[in-house]
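Student: This is the content of model10.cif (mmCIF, C-alpha atoms):
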```cif
data_start
loop_
_atom_site.label_atom_id
_atom_site.label_comp_id
_atom_site.auth_asym_id
_atom_site.auth_seq_id
_atom_site.Cartn_x
_atom_site.Cartn_y
_atom_site.Cartn_z
CA MET A 1 0.00 0.00 0.00
CA PHE A 2 2.82 2.34 0.93
CA ASN A 3 4.69 1.60 -2.29
CA LYS A 4 1.58 2.27 -4.38
CA VAL A 5 1.09 5.67 -2.80
CA ARG A 6 4.74 6.49 -3.32
CA VAL A 7 4.52 5.61 -7.02
CA GLN A 8 1.50 7.89 -7.44
CA LEU A 9 3.30 10.78 -5.73
CA VAL A 10 6.37 10.32 -7.93
CA CYS A 11 4.23 10.25 -11.07
CA GLY A 12 2.44 13.38 -9.97
CA LEU A 13 5.76 15.12 -9.37
CA ILE A 14 7.02 14.14 -12.81
CA ILE A 15 3.86 15.51 -14.42
CA SER A 16 4.22 18.76 -12.46
CA MET A 17 7.87 19.10 -13.43
CA ASN A 18 7.02 18.59 -17.08
CA GLY A 19 4.28 21.22 -16.83
CA LEU A 20 6.70 23.66 -15.20
CA LYS A 21 9.27 22.96 -17.91
CA ALA A 22 6.68 23.71 -20.60
CA GLN A 23 5.64 26.88 -18.78
CA SER A 24 9.23 28.13 -18.49
CA ALA A 25 9.70 27.79 -22.21
CA ALA A 26 6.61 29.75 -23.04
CA GLU A 27 5.99 32.07 -20.13
CA LEU A 28 8.71 32.23 -17.51
CA LEU A 29 11.36 33.30 -20.03
CA ASP A 30 9.10 36.08 -21.34
CA PRO A 31 6.81 37.27 -18.53
CA ALA A 32 5.76 40.34 -20.56
CA GLY A 33 4.35 38.09 -23.27
CA PHE A 34 5.89 39.90 -26.24
CA VAL A 35 7.87 36.92 -27.65
CA THR A 36 5.72 34.95 -30.10
CA LYS A 37 8.36 32.36 -31.13
CA TYR A 38 10.96 30.68 -28.93
CA ASN A 39 13.15 27.70 -29.93
CA THR A 40 13.79 25.65 -26.79
CA GLU A 41 16.11 23.32 -28.72
CA PHE A 42 18.56 26.06 -29.82
CA LYS A 43 22.17 25.43 -28.70
CA GLY A 44 24.56 28.36 -29.08
CA ILE A 45 26.94 30.75 -27.42
CA GLY A 46 25.66 32.76 -24.48
CA PRO A 47 22.61 32.37 -22.29
CA ARG A 48 19.67 30.38 -23.56
CA VAL A 49 17.51 33.49 -23.70
CA TYR A 50 17.86 37.24 -23.20
CA VAL A 51 14.91 38.51 -21.17
CA LEU A 52 14.29 42.12 -22.30
CA PRO A 53 12.17 44.66 -20.43
CA ALA A 54 8.73 45.39 -21.80
CA PRO A 55 8.50 48.32 -24.25
CA ARG A 56 7.84 51.71 -22.63
CA THR A 57 4.21 52.65 -22.25
CA LYS A 58 2.69 55.66 -24.01
CA GLN A 59 2.59 57.45 -20.66
CA GLU A 60 6.31 56.83 -20.01
CA VAL A 61 7.24 58.12 -23.48
CA LEU A 62 5.09 61.20 -22.88
CA VAL A 63 6.72 61.92 -19.51
CA ASP A 64 10.20 61.76 -21.07
CA SER A 65 9.13 63.99 -23.96
CA TYR A 66 7.93 66.67 -21.56
CA LYS A 67 11.15 66.43 -19.55
CA GLU A 68 13.20 66.93 -22.72
CA LYS A 69 11.52 70.23 -23.61
CA THR A 70 11.47 71.79 -20.12
CA ASN A 71 14.61 73.88 -20.58
CA PHE A 72 13.37 75.36 -23.86
CA TYR A 73 10.82 77.63 -22.18
CA ASP A 74 13.41 80.42 -21.80
CA SER A 75 13.76 80.47 -25.58
CA ILE A 76 9.99 80.87 -25.96
CA ALA A 77 9.99 83.75 -23.46
CA ARG A 78 12.85 85.32 -25.42
CA GLN A 79 10.83 85.01 -28.62
CA LEU A 80 7.91 86.79 -26.95
CA ASP A 81 10.29 89.64 -26.03
CA TYR A 82 11.46 89.77 -29.65
CA GLN A 83 7.87 89.95 -30.87
CA ASN A 84 7.26 92.91 -28.53
CA LEU A 85 10.41 94.61 -29.85
CA VAL A 86 9.02 94.47 -33.40
CA GLU A 87 5.51 95.55 -32.37
CA GLU A 88 6.73 98.53 -30.34
CA PHE A 89 9.12 99.82 -33.01
CA GLN A 90 8.21 103.43 -33.83
CA LEU A 91 8.22 104.91 -37.33
CA THR A 92 9.37 108.39 -38.27
CA SER A 93 7.02 111.22 -39.20
CA ASN A 94 7.54 110.62 -42.93
CA ALA A 95 6.89 106.85 -42.82
CA ALA A 96 3.79 107.03 -45.05
CA PHE A 97 5.68 109.02 -47.69
CA LEU A 98 8.61 106.58 -47.56
CA LYS A 99 6.24 103.66 -48.06
CA GLN A 100 4.66 105.35 -51.03
CA GLN A 101 7.92 106.43 -52.68
CA PHE A 102 10.38 103.63 -51.94
CA GLN A 103 8.43 100.38 -51.66
CA PRO A 104 9.40 97.73 -52.42
CA TYR A 105 12.32 98.52 -50.15
CA PRO A 106 15.88 97.55 -51.17
CA SER A 107 16.51 93.81 -51.17
CA SER A 108 20.10 93.79 -49.89
CA PRO A 109 22.30 95.71 -47.41
CA GLU A 110 24.33 97.11 -50.30
CA LYS A 111 21.24 98.58 -51.97
CA TRP A 112 20.00 100.03 -48.67
CA THR A 113 23.37 101.72 -48.12
CA GLU A 114 23.47 103.01 -51.68
CA LEU A 115 19.98 104.55 -51.42
CA ILE A 116 20.60 106.15 -48.02
CA ASN A 117 23.99 107.55 -49.09
CA SER A 118 22.45 109.08 -52.21
CA LEU A 119 19.91 110.92 -50.02
CA LYS A 120 22.66 112.15 -47.72
CA LYS A 121 24.65 113.53 -50.65
CA ASN A 122 21.58 115.46 -51.78
CA ASN A 123 21.09 116.81 -48.23
CA ASN A 124 17.77 115.00 -47.88
CA THR A 125 18.48 114.41 -44.21
CA GLN A 126 14.93 113.70 -43.07
CA LEU A 127 14.38 111.13 -45.84
CA ALA A 128 17.75 109.54 -45.06
CA VAL A 129 16.88 109.30 -41.36
CA GLY A 130 13.46 107.84 -42.09
CA LEU A 131 14.87 105.22 -44.43
CA THR A 132 17.68 104.35 -42.03
CA ASN A 133 15.11 103.82 -39.30
CA GLN A 134 13.08 101.64 -41.68
CA TYR A 135 16.23 99.70 -42.62
CA ALA A 136 16.79 99.00 -38.92
CA LEU A 137 13.25 97.62 -38.62
CA GLU A 138 13.76 95.33 -41.61
CA THR A 139 17.02 94.12 -40.05
CA ILE A 140 15.28 93.41 -36.73
CA LYS A 141 12.65 91.40 -38.63
CA GLN A 142 15.55 89.31 -39.93
CA LYS A 143 16.54 88.81 -36.25
CA ASP A 144 19.84 90.65 -36.55
CA VAL A 145 19.28 93.02 -33.62
CA LYS A 146 23.00 93.67 -33.17
CA LYS A 147 23.24 95.06 -36.70
CA ALA A 148 20.02 97.04 -36.20
CA ILE A 149 21.62 98.75 -33.18
CA SER A 150 24.50 99.87 -35.41
CA ILE A 151 22.07 101.15 -38.05
CA LEU A 152 19.99 103.05 -35.49
CA GLY A 153 23.19 104.54 -34.10
CA ASP A 154 23.94 105.91 -37.58
CA ALA A 155 20.42 107.32 -37.81
CA LEU A 156 20.74 109.02 -34.42
CA ALA A 157 24.08 110.56 -35.33
CA LEU A 158 22.52 111.91 -38.54
CA VAL A 159 19.43 113.44 -36.92
CA GLN A 160 20.66 114.40 -33.46
CA ASN A 161 21.64 118.01 -34.12
CA THR A 162 18.93 118.85 -36.65
CA ALA A 163 15.56 120.51 -36.40
CA PHE A 164 13.80 117.14 -36.77
CA ARG A 165 13.32 116.68 -33.05
CA ASP A 166 10.39 114.28 -33.26
CA ASP A 167 12.26 111.92 -35.55
CA ALA A 168 15.31 112.11 -33.29
CA SER A 169 13.13 111.00 -30.38
CA VAL A 170 11.73 108.11 -32.41
CA VAL A 171 15.19 106.83 -33.29
CA GLN A 172 16.30 107.25 -29.67
CA PHE A 173 13.30 105.25 -28.43
CA ASN A 174 13.92 102.42 -30.90
CA LEU A 175 17.63 102.29 -30.13
CA SER A 176 16.92 102.12 -26.39
CA ASN A 177 14.50 99.23 -26.87
CA ALA A 178 17.01 97.36 -29.03
CA HIS A 179 19.69 97.77 -26.37
CA LEU A 180 17.22 96.57 -23.73
CA TYR A 181 16.48 93.44 -25.76
CA GLN A 182 20.21 92.77 -26.10
CA GLY A 183 20.74 93.24 -22.38
CA SER A 184 22.78 96.43 -22.75
CA TYR A 185 20.97 98.05 -19.83
CA ALA A 186 23.31 101.01 -19.32
CA HIS A 187 22.95 102.10 -22.96
CA ALA A 188 19.19 101.51 -22.89
CA ASP A 189 18.88 103.52 -19.67
CA ALA A 190 20.88 106.51 -20.94
CA LEU A 191 18.95 106.70 -24.21
CA GLN A 192 15.57 106.37 -22.54
CA GLU A 193 16.44 109.11 -20.04
CA GLN A 194 17.33 111.40 -22.95
CA TYR A 195 14.03 110.56 -24.61
CA LEU A 196 12.20 111.25 -21.37
CA GLN A 197 13.92 114.60 -20.87
CA ARG A 198 12.98 115.69 -24.38
CA ALA A 199 9.37 114.67 -23.75
CA VAL A 200 9.38 116.73 -20.53
CA ASN A 201 10.82 119.74 -22.34
CA ASP A 202 8.21 119.40 -25.09
CA LYS A 203 5.47 118.95 -22.47
CA SER A 204 4.32 115.77 -24.20
CA ASN A 205 2.50 113.83 -21.50
CA ILE A 206 1.95 110.74 -23.63
CA ASP A 207 5.62 110.48 -24.63
CA GLN A 208 6.60 111.01 -21.00
CA ALA A 209 4.29 108.23 -19.85
CA ASN A 210 5.46 105.82 -22.56
CA SER A 211 9.07 106.54 -21.70
CA LEU A 212 8.48 106.07 -17.97
CA VAL A 213 7.06 102.61 -18.64
CA ARG A 214 10.19 101.68 -20.61
CA VAL A 215 12.41 103.15 -17.90
CA ALA A 216 10.55 100.98 -15.38
CA LEU A 217 11.28 97.81 -17.34
CA ILE A 218 14.97 98.73 -17.62
CA ARG A 219 15.10 99.32 -13.86
CA ALA A 220 13.45 95.94 -13.25
CA TYR A 221 16.05 94.11 -15.33
CA GLN A 222 18.68 95.90 -13.26
CA LYS A 223 16.85 94.58 -10.14
CA GLU A 224 15.86 98.07 -9.00
CA TYR A 225 12.32 96.86 -8.41
CA GLN A 226 10.94 99.59 -6.18
CA ALA A 227 12.11 102.29 -8.57
CA ALA A 228 10.57 100.33 -11.44
CA GLU A 229 7.20 100.00 -9.71
CA ASN A 230 7.11 103.67 -8.72
CA SER A 231 7.97 104.75 -12.27
CA ILE A 232 4.71 103.24 -13.48
CA ILE A 233 2.37 103.56 -10.48
CA ARG A 234 3.28 107.05 -9.33
CA ARG A 235 4.43 108.69 -12.55
CA ALA A 236 3.20 107.00 -15.73
CA ILE A 237 -0.36 106.04 -14.68
CA PRO A 238 -1.31 109.58 -13.52
CA LEU A 239 -0.16 110.92 -16.90
CA TYR A 240 -2.25 108.35 -18.78
CA ASN A 241 -5.23 109.26 -16.57
CA LYS A 242 -4.70 112.95 -17.26
CA MET A 243 -4.65 112.37 -21.02
CA LYS A 244 -7.47 109.77 -20.86
CA ASP A 245 -5.19 107.34 -22.72
CA ALA A 246 -6.81 103.98 -21.92
CA GLN A 247 -4.62 102.06 -24.39
CA GLY A 248 -1.43 103.37 -22.84
CA LYS A 249 -2.73 102.65 -19.35
CA THR A 250 -3.59 99.07 -20.31
CA LYS A 251 -0.08 98.46 -21.62
CA ALA A 252 1.38 100.07 -18.49
CA TRP A 253 -0.56 97.63 -16.27
CA ILE A 254 0.77 94.73 -18.38
CA GLN A 255 4.36 95.94 -18.01
CA LEU A 256 3.87 96.42 -14.28
CA ALA A 257 2.59 92.84 -14.03
CA LYS A 258 5.72 91.64 -15.86
CA ILE A 259 7.86 93.47 -13.31
CA TYR A 260 6.07 91.63 -10.49
CA GLN A 261 6.41 88.31 -12.33
CA ILE A 262 10.16 88.91 -12.64
CA GLN A 263 10.19 89.16 -8.83
CA ASN A 264 8.06 85.99 -8.53
CA LYS A 265 5.27 88.09 -6.96
CA HIS A 266 2.42 86.48 -8.81
CA THR A 267 -0.45 87.60 -6.60
CA GLU A 268 0.47 91.25 -7.21
CA ALA A 269 0.96 90.56 -10.91
CA GLN A 270 -2.54 89.11 -11.21
CA TRP A 271 -4.08 92.08 -9.44
CA PHE A 272 -2.75 94.46 -12.11
CA LEU A 273 -3.50 92.03 -14.94
CA ILE A 274 -7.15 91.87 -13.86
CA GLN A 275 -7.31 95.67 -14.03
CA ALA A 276 -5.68 95.59 -17.47
CA ARG A 277 -8.17 92.95 -18.63
CA GLU A 278 -11.19 94.92 -17.43
CA LEU A 279 -9.96 98.05 -19.20
CA ALA A 280 -9.06 96.17 -22.40
CA ARG A 281 -12.46 94.47 -22.51
CA SER A 282 -14.35 97.70 -21.89
CA ARG A 283 -12.47 99.45 -24.72
CA ASN A 284 -12.23 96.41 -27.00
CA PHE A 285 -8.41 96.36 -27.11
CA LYS A 286 -8.33 92.95 -28.79
CA THR A 287 -4.58 92.82 -29.38
CA ASP A 288 -3.79 93.14 -25.66
CA LEU A 289 -6.19 90.49 -24.35
CA PRO A 290 -4.33 87.32 -25.48
CA GLU A 291 -1.16 88.36 -23.66
CA ILE A 292 -3.11 89.39 -20.55
CA GLU A 293 -4.94 86.04 -20.38
CA TYR A 294 -1.71 84.13 -20.96
CA MET A 295 0.08 86.03 -18.19
CA LEU A 296 -2.81 85.36 -15.80
CA GLY A 297 -2.70 81.65 -16.61
CA TYR A 298 1.08 81.57 -16.25
CA SER A 299 0.96 83.12 -12.77
CA LYS A 300 -1.71 80.63 -11.70
CA PHE A 301 0.46 77.83 -13.09
CA ILE A 302 3.46 78.97 -11.04
CA GLN A 303 1.21 79.09 -7.96
CA GLN A 304 0.14 75.48 -8.75
CA ASN A 305 -3.51 76.45 -9.10
CA TYR A 306 -3.76 74.19 -12.12
CA ARG A 307 -7.54 74.12 -12.59
CA ILE A 308 -7.81 77.92 -12.87
CA ALA A 309 -4.58 78.13 -14.84
CA LYS A 310 -5.95 75.68 -17.41
CA SER A 311 -9.18 77.66 -17.79
CA GLU A 312 -7.33 80.96 -18.31
CA LEU A 313 -4.78 79.46 -20.69
CA GLU A 314 -7.52 77.85 -22.78
CA HIS A 315 -9.18 81.26 -23.07
CA ALA A 316 -5.80 82.76 -24.02
CA LYS A 317 -5.43 80.07 -26.68
CA THR A 318 -8.77 80.98 -28.24
CA LEU A 319 -7.72 84.65 -28.43
CA ALA A 320 -4.22 83.82 -29.71
CA ASP A 321 -5.74 81.61 -32.42
CA GLN A 322 -7.98 84.48 -33.51
CA GLU A 323 -4.96 86.79 -33.72
CA ASN A 324 -2.82 84.04 -35.32
CA ASN A 325 -0.16 84.84 -32.72
CA LYS A 326 2.01 81.75 -33.19
CA VAL A 327 4.64 82.61 -30.58
CA LEU A 328 1.94 82.98 -27.94
CA GLN A 329 0.23 79.80 -29.19
CA LEU A 330 3.52 77.95 -28.64
CA ALA A 331 3.86 79.28 -25.09
CA ILE A 332 0.26 78.36 -24.30
CA HIS A 333 0.52 74.79 -25.65
CA ASP A 334 3.72 74.40 -23.64
CA LYS A 335 2.02 75.25 -20.36
CA LEU A 336 -1.33 73.57 -21.08
CA GLY A 337 0.49 70.34 -21.86
CA GLU A 338 2.39 70.49 -18.58
CA ILE A 339 -0.84 71.07 -16.67
CA ASP A 340 -2.53 68.10 -18.36
CA MET A 341 0.46 65.91 -17.49
CA ILE A 342 0.21 66.95 -13.84
CA MET A 343 -3.55 66.36 -13.83
CA GLY A 344 -3.20 62.97 -15.55
CA ASN A 345 -4.97 64.01 -18.77
CA TYR A 346 -2.48 62.16 -20.96
CA ASP A 347 -4.44 62.22 -24.22
CA ASP A 348 -4.83 66.01 -23.99
CA ALA A 349 -1.16 66.35 -23.04
CA ALA A 350 -0.17 64.33 -26.13
CA GLU A 351 -2.29 66.60 -28.33
CA HIS A 352 -0.71 69.75 -26.87
CA LEU A 353 2.74 68.23 -27.39
CA SER A 354 1.93 67.61 -31.06
CA HIS A 355 0.89 71.27 -31.55
CA TYR A 356 3.92 72.40 -29.56
CA TRP A 357 6.42 70.62 -31.82
CA LYS A 358 4.68 71.75 -34.98
CA LEU A 359 4.86 75.42 -33.90
CA ARG A 360 8.36 75.12 -32.49
CA LYS A 361 9.72 73.69 -35.74
CA GLU A 362 7.98 76.46 -37.69
CA LEU A 363 9.24 79.29 -35.47
CA PHE A 364 12.69 78.03 -34.53
#
```
Translate this structure into structure tokens?
Tutor:
Amino acid sequence: MFNKVRVQLVCGLIISMNGLKAQSAAELLDPAGFVTKYNTEFKGIGPRVYVLPAPRTKQEVLVDSYKEKTNFYDSIARQLDYQNLVEEFQLTSNAAFLKQQFQPYPSSPEKWTELINSLKKNNNTQLAVGLTNQYALETIKQKDVKKAISILGDALALVQNTAFRDDASVVQFNLSNAHLYQGSYAHADALQEQYLQRAVNDKSNIDQANSLVRVALIRAYQKEYQAAENSIIRRAIPLYNKMKDAQGKTKAWIQLAKIYQIQNKHTEAQWFLIQARELARSRNFKTDLPEIEYMLGYSKFIQQNYRIAKSELEHAKTLADQENNKVLQLAIHDKLGEIDMIMGNYDDAAEHLSHYWKLRKELF
């Protein structure tokens, strides 16, 4: 009886061992289940099988993709600054005449120089200054700001001691902004102070206010934050109020918010952005609203208030799409995608990443 039981146990063990052997060939060697063919009879050099990790999931690939692009945000912010440089570039008093007489403008630096020199020789100083200023703008549009600074310097030297005071101020303003973009704060500061003094002498409240806002931004980049804030709050805003210049006041609030964002004071930034938004909506300043909404969403993002940030950024996206503002669209997709990753909305995050790369390749 004992021997019979022992035989049955041994047989059962053999069957189990055979089953385990079959399982190891099919399953144990590939627990992920991605190998469809496996030759258990193969005899060769090395281990009988290399067990590879399972392919990365869609979510893991997405996480790595977002990590890879994190450091590029500074380049997007820089592109937004460049866009503002182009938009804020001022034209001389004869810009309409120049457009009528000289468009299409010269197609090469040599032709620009030839045309401007011919006007100088004929003592057409105002036309030469206007065209030189226009040449600088075209150069900035080609993203050669360093060369544009040199061109604007030539224009300022040409107009500085003439009777064309308004055009001299325009060139001065543009040159200061170009230096600010390049980070040449001392040059930008000196030029903007000269512009401001001329505006004071001419009793031009609007020019004074505009200059004070630029001075504030220069001060902020030099980390003189209190002086920067006071330049707008105590000096520029009262002038805009006096002249009933709602557009200028809106832009001043936006710049003030940027100064607070530079300091990582996002609650204060939002307070001024809300005022800017209310004024822009009441006066239908459509071009200012996309940037305002984006800045509001960005501050909420930094404060980790992701639900509100997403709502504001989606609104900013709608406005940026209407304006076809591709740089702002890129910045918005960048932040919306990060929010969706944090919130676990991986399909939405993947869609934002697709738009992000499409715009980034187009712009950069």
Student: Please provide the set of residues having any atom within 7 Å of segment 91-98 of chain A, restricted to all atoms listed in the file, with same-chain residues fewer than 5 positions apart removed, written as a PyMOL selection string.
Tutor: chain A and resi 130+167+170
Student: Just give me the gap between atom CA of Tyr294 of chain A and atom CA of Ala316 of chain A in Å, one decimal is fine.
Tutor: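 For atom CA of Tyr294 of chain A relative to atom CA of Ala316 of chain A, the distance reads 5.3 Å.
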Student: If the PyMOL selection byres ((chain A and resi 73) around 12) is run on the structure shown, which residues does it catch, given as JSON, numbers by chain?
Tutor: {"A": [66, 67, 68, 69, 70, 71, 72, 74, 75, 76, 77, 78, 79, 80, 327, 328, 330, 331, 332, 333, 334, 335, 338, 356, 360]}
Student: Up to 12 Å from (15.3, 108.7, -51.1) in the file's coordinates: name the residues, counting only C-alpha atoms, as an mmCIF file with C-alpha atoms, in the frame of the given file.
Tutor:
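Writing done, so here's part.cif:
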```cif
data_model
loop_
_atom_site.group_PDB
_atom_site.id
_atom_site.type_symbol
_atom_site.label_atom_id
_atom_site.label_comp_id
_atom_site.auth_asym_id
_atom_site.auth_seq_id
_atom_site.Cartn_x
_atom_site.Cartn_y
_atom_site.Cartn_z
ATOM 1 C CA ASN A 94 7.540 110.620 -42.930
ATOM 2 C CA ALA A 95 6.890 106.850 -42.820
ATOM 3 C CA PHE A 97 5.680 109.020 -47.690
ATOM 4 C CA LEU A 98 8.610 106.580 -47.560
ATOM 5 C CA LYS A 99 6.240 103.660 -48.060
ATOM 6 C CA GLN A 100 4.660 105.350 -51.030
ATOM 7 C CA GLN A 101 7.920 106.430 -52.680
ATOM 8 C CA PHE A 102 10.380 103.630 -51.940
ATOM 9 C CA GLN A 103 8.430 100.380 -51.660
ATOM 10 C CA TYR A 105 12.320 98.520 -50.150
ATOM 11 C CA PRO A 106 15.880 97.550 -51.170
ATOM 12 C CA LYS A 111 21.240 98.580 -51.970
ATOM 13 C CA TRP A 112 20.000 100.030 -48.670
ATOM 14 C CA THR A 113 23.370 101.720 -48.120
ATOM 15 C CA GLU A 114 23.470 103.010 -51.680
ATOM 16 C CA LEU A 115 19.980 104.550 -51.420
ATOM 17 C CA ILE A 116 20.600 106.150 -48.020
ATOM 18 C CA ASN A 117 23.990 107.550 -49.090
ATOM 19 C CA SER A 118 22.450 109.080 -52.210
ATOM 20 C CA LEU A 119 19.910 110.920 -50.020
ATOM 21 C CA LYS A 120 22.660 112.150 -47.720
ATOM 22 C CA LYS A 121 24.650 113.530 -50.650
ATOM 23 C CA ASN A 122 21.580 115.460 -51.780
ATOM 24 C CA ASN A 123 21.090 116.810 -48.230
ATOM 25 C CA ASN A 124 17.770 115.000 -47.880
ATOM 26 C CA THR A 125 18.480 114.410 -44.210
ATOM 27 C CA GLN A 126 14.930 113.700 -43.070
ATOM 28 C CA LEU A 127 14.380 111.130 -45.840
ATOM 29 C CA ALA A 128 17.750 109.540 -45.060
ATOM 30 C CA VAL A 129 16.880 109.300 -41.360
ATOM 31 C CA GLY A 130 13.460 107.840 -42.090
ATOM 32 C CA LEU A 131 14.870 105.220 -44.430
ATOM 33 C CA THR A 132 17.680 104.350 -42.030
ATOM 34 C CA GLN A 134 13.080 101.640 -41.680
#
```
Student: Please write the residues picked by the PyMOL selection byres ((chain A and resi 140-146) around 10) on this file as a ChimeraX atom specification.
Tutor: /A:82-83,85-86,89,134-139,147-151,178-179,181-182
Student: Apply the PyMOL selection byres ((chain A and resi 353) around 9) to the file shown and report the selected residues as number ranges by chain.
Tutor: A: 62, 65-66, 333-334, 337, 348-352, 354-358
Student: Given the choices A:Glu312, A:Glu193, A:Glu293, A:Asp207, which gets closest to Leu336 of chain A if the distance is worked out from only C-alpha atoms?
Tutor: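 That would be A:Glu312, the residue with the smallest distance to Leu336 of chain A.
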Student: With distances taken over all atoms listed in the file, which residue among A:Leu175, A:Ala236, A:Ala269, A:Ile262 lies nearest Glu88 of chain A?
Tutor: A:Leu175
Student: What does the distance between atom CA of Ala163 of chain A and atom CA of Tyr195 of chain A come to in Å, to one decimal place?
Tutor: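 For atom CA of Ala163 of chain A relative to atom CA of Tyr195 of chain A, the distance reads 15.5 Å.
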Student: Please indicate the distance in Å from atom CA of Asp288 of chain A to atom CA of Ala246 of chain A, rounded to one decimal place.
Tutor: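 Between atom CA of Asp288 of chain A and atom CA of Ala246 of chain A the gap works out to 11.9 Å.
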